[in-house]
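**Student:** Sending over a structure as structure tokens; questions will come in a sec.
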Amino acid sequence: MSVLDDIVAGVREDLAARRARVGDAELAALAAAAAPARPVLPAFRAPGLSVIAEVKRKSPSKGELADIPDPAALAQAYAAGGAEAISVLTEQRRFSGSLEDLRAVRAAVDTPLLRKDFVVTEYQVVEGRAAGADLVLLIVAALDDVQLKDLHQAITGLGMTALVEVHDEDEIDRALAIGAELVGVNARNLKTLEVDPGVFGRLAGRLPAGVVKVAESGIGGPVDAARYAGEGADVVLVGEALVKDGDPRTAVAAMRAVGGQR
């Protein structure tokens, strides 16, 4: 079993427990009562480099990253630094995240929010909307073609934006086949957790001009962000480097600056 398979198995167990507490009808009502999802693609398509700043306590590859007792305060610092979106980890077992973190961040900022998790069911999509998410991550490697298409439709049907994550040429083809407008190229292999910084540069050229390109993983600071921007990234998604920085507001601003004035 790969690392990804193991994570997804745990996600399904935790999901079953949440679903037993909150049924589909109740969750749908909560999602319907939420404020409309915020658009994010216009900001990502603007000139310059956008930043998705992540609230991330730990990871399977690095273990504990940062003590974040107040995710809302961290999100406010990200927003003040100019982050175009904020990613909130909601996976519990490997990342110590939660939907409570997402709700807390939603109450604190108006910035578009990404639910970062291993989404394998429509229930999780509706959960994200009910908690205030504007974007939802879909990992192509974790889904078959039918699941990928159905979940993408569920996300857009609720007015949200799907960030479709790929790792190789075949996954790019699958993402484009469902009409993905926002594609993240992850330099980390989720089956082995190894990082290959050259992945984005090799794959970005396969993405059409109209697709917003997001570089994920291996971004330690402005130098890495500038390299990805030079390779065609419209957006960088950064977690570890920001949560470990003593001044996240300035760190976000520095990464945005490498893409020129916005």
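Naming scheme: A, B, ... for chains in displayed order of the structure tokens; residues 1 onward per chain; ligands 1 onward as shown.
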Using only C-alpha atoms, what table do you get, as a tab-separated table, when you list each residue of stretch 135-166 of chain A with an atom no more than 9 Å from stretch 32-49 of chain A, its nearest pair of atoms, and their distance in Å rounded to one decimal, rows by chain then rising number?

**Tutor:**
```
residue	atom	partner	partner_atom	distance
A:Leu135	CA	A:Ala37	CA	8.1
A:Leu158	CA	A:Ala37	CA	7.9
A:Gly159	CA	A:Ala37	CA	5.8
A:Met160	CA	A:Ala37	CA	5.7
A:Thr161	CA	A:Pro39	CA	7.5
```

**Student:** Could you please take those selected residues and save N, CA and C atoms as a PDB file, in the first residue's frame?

**Tutor:**
```
ATOM      1  N   LEU A 135     -12.789  26.988  -2.560  1.00  0.00           N
ATOM      2  CA  LEU A 135     -12.091  26.072  -3.443  1.00  0.00           C
ATOM      3  C   LEU A 135     -11.970  24.725  -2.740  1.00  0.00           C
ATOM      4  N   LEU A 158     -21.704  23.779  -6.836  1.00  0.00           N
ATOM      5  CA  LEU A 158     -21.925  24.542  -5.611  1.00  0.00           C
ATOM      6  C   LEU A 158     -21.295  25.931  -5.685  1.00  0.00           C
ATOM      7  N   GLY A 159     -20.826  26.292  -6.878  1.00  0.00           N
ATOM      8  CA  GLY A 159     -20.267  27.628  -7.078  1.00  0.00           C
ATOM      9  C   GLY A 159     -18.810  27.762  -6.687  1.00  0.00           C
ATOM     10  N   MET A 160     -18.170  26.666  -6.323  1.00  0.00           N
ATOM     11  CA  MET A 160     -16.774  26.694  -5.903  1.00  0.00           C
ATOM     12  C   MET A 160     -15.843  26.433  -7.088  1.00  0.00           C
ATOM     13  N   THR A 161     -14.563  26.543  -6.826  1.00  0.00           N
ATOM     14  CA  THR A 161     -13.528  26.285  -7.824  1.00  0.00           C
ATOM     15  C   THR A 161     -12.741  25.057  -7.405  1.00  0.00           C
TER      16      THR A 161
END
```

**Student:** Excluding A:Ala141 and residues on its chain fewer than 6 positions from it, collect all residues at most 8 Å away from it, counting only C-alpha atoms, and give them as a PyMOL selection string.

**Tutor:** chain A and resi 166-167+171

**Student:** So how far away is atom CA of A:Arg19 from atom CA of A:Ile68, in Å?

**Tutor:**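 Spanning atom CA of A:Ile68 to atom CA of A:Arg19 is a straight-line distance of 26.9 Å.
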
**Student:** If I take atom CA of A:Ala187 and atom CA of A:Gln92, how far is one from the other in Å, to one decimal?

**Tutor:**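 Here the two named atoms are 22.5 Å from each other.
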
**Student:** Quick one: pull the distance between atom CA of A:Ala229 and atom CA of A:Ser61, Å, one decimal.

**Tutor:**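 Rounded to one decimal, the two atoms are 25.0 Å apart.
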
**Student:** Quick one: residues within 9 Å of A:Ile155, only C-alpha atoms counted, chain neighbours fewer than 5 positions away excluded, as an MDAnalysis selection string?

**Tutor:** chainID A and resid 122 125:126 129 135:136 150 160:162

**Student:** Would you write out those residues with N, CA and C atoms, as a compact mmCIF listing (two decimals), in the first residue's frame?

**Tutor:**
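Output file selection-v2.txt follows:
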```txt
# COMPACT_ATOMS: atom_id res chain seq x y z
N GLU A 122 -18.60 13.09 -2.51
CA GLU A 122 -19.31 14.35 -2.63
C GLU A 122 -19.65 14.93 -1.26
N VAL A 125 -17.17 17.42 -0.33
CA VAL A 125 -17.33 18.67 -1.08
C VAL A 125 -18.37 19.56 -0.39
N VAL A 126 -19.50 18.95 -0.03
CA VAL A 126 -20.57 19.70 0.63
C VAL A 126 -20.11 20.17 2.01
N ARG A 129 -18.14 23.33 1.55
CA ARG A 129 -19.00 24.49 1.28
C ARG A 129 -19.70 24.95 2.55
N LEU A 135 -12.79 26.99 -2.56
CA LEU A 135 -12.09 26.07 -3.44
C LEU A 135 -11.97 24.72 -2.74
N VAL A 136 -11.88 23.66 -3.54
CA VAL A 136 -11.67 22.31 -2.99
C VAL A 136 -10.59 21.62 -3.81
N ASP A 150 -17.21 13.40 -11.50
CA ASP A 150 -18.37 13.66 -10.64
C ASP A 150 -18.04 14.68 -9.55
N MET A 160 -18.17 26.67 -6.32
CA MET A 160 -16.77 26.69 -5.90
C MET A 160 -15.84 26.43 -7.09
N THR A 161 -14.56 26.54 -6.83
CA THR A 161 -13.53 26.29 -7.82
C THR A 161 -12.74 25.06 -7.41
N ALA A 162 -12.47 24.18 -8.35
CA ALA A 162 -11.67 22.99 -8.07
C ALA A 162 -10.21 23.25 -8.40
```

**Student:** Just the residues within 8 Å of stretch 245-256 of chain A, please, counting only C-alpha atoms, with nothing from its chain fewer than 4 positions along; format it as a list of chain:residue names.

**Tutor:** A:Gly48, A:Leu49, A:Ser50, A:Val51, A:Ala53, A:Leu74, A:Ala77, A:Tyr78, A:Ala79, A:Ala80, A:Gly81, A:Gly82, A:Ala83, A:Gly221, A:Pro222, A:Ala225, A:Ala226, A:Ala241, A:Gly260

**Student:** Go ahead and save the residues from that selection, with C-alpha atoms, as a PDB file, in the first residue's frame.

**Tutor:**
```pdb
ATOM      1  CA  GLY A  48       2.196  38.763 -11.455  1.00  0.00           C
ATOM      2  CA  LEU A  49       2.541  35.800  -9.117  1.00  0.00           C
ATOM      3  CA  SER A  50      -0.285  34.867  -6.751  1.00  0.00           C
ATOM      4  CA  VAL A  51       0.222  33.065  -3.452  1.00  0.00           C
ATOM      5  CA  ALA A  53      -0.726  30.515   1.793  1.00  0.00           C
ATOM      6  CA  LEU A  74      -2.156  33.136  11.010  1.00  0.00           C
ATOM      7  CA  ALA A  77      -1.314  37.629   8.686  1.00  0.00           C
ATOM      8  CA  TYR A  78      -1.438  35.862   5.320  1.00  0.00           C
ATOM      9  CA  ALA A  79      -4.267  38.104   4.167  1.00  0.00           C
ATOM     10  CA  ALA A  80      -2.383  41.200   5.294  1.00  0.00           C
ATOM     11  CA  GLY A  81       0.598  40.017   3.243  1.00  0.00           C
ATOM     12  CA  GLY A  82      -1.567  39.910   0.150  1.00  0.00           C
ATOM     13  CA  ALA A  83      -2.290  36.195  -0.227  1.00  0.00           C
ATOM     14  CA  GLY A 221      11.211  31.114  -0.184  1.00  0.00           C
ATOM     15  CA  PRO A 222      11.247  33.876  -2.825  1.00  0.00           C
ATOM     16  CA  ALA A 225       8.903  31.148  -6.080  1.00  0.00           C
ATOM     17  CA  ALA A 226      10.787  33.179  -8.693  1.00  0.00           C
ATOM     18  CA  ALA A 241       8.056  27.817   4.571  1.00  0.00           C
ATOM     19  CA  GLY A 260       6.332  41.845 -10.379  1.00  0.00           C
TER      20      GLY A 260
END
```

**Student:** Name the residues in contact with A:Val195 at a cut-off of 12 Å, using only C-alpha atoms, excluding same-chain residues fewer than 2 positions from it; report them as a VMD selection string.

**Tutor:** chain A and resid 61 to 62 167 185 to 193 197 to 200 216 to 219

**Student:** Would you kindly return, as a VMD selection string, each protein, DNA or RNA residue with an atom no farther than 12 Å from any atom of A:Ala177, considering only C-alpha atoms and excluding same-chain residues fewer than 2 positions away?

**Tutor:** chain A and resid 140 145 to 146 148 to 149 152 164 170 to 175 179 to 181 207
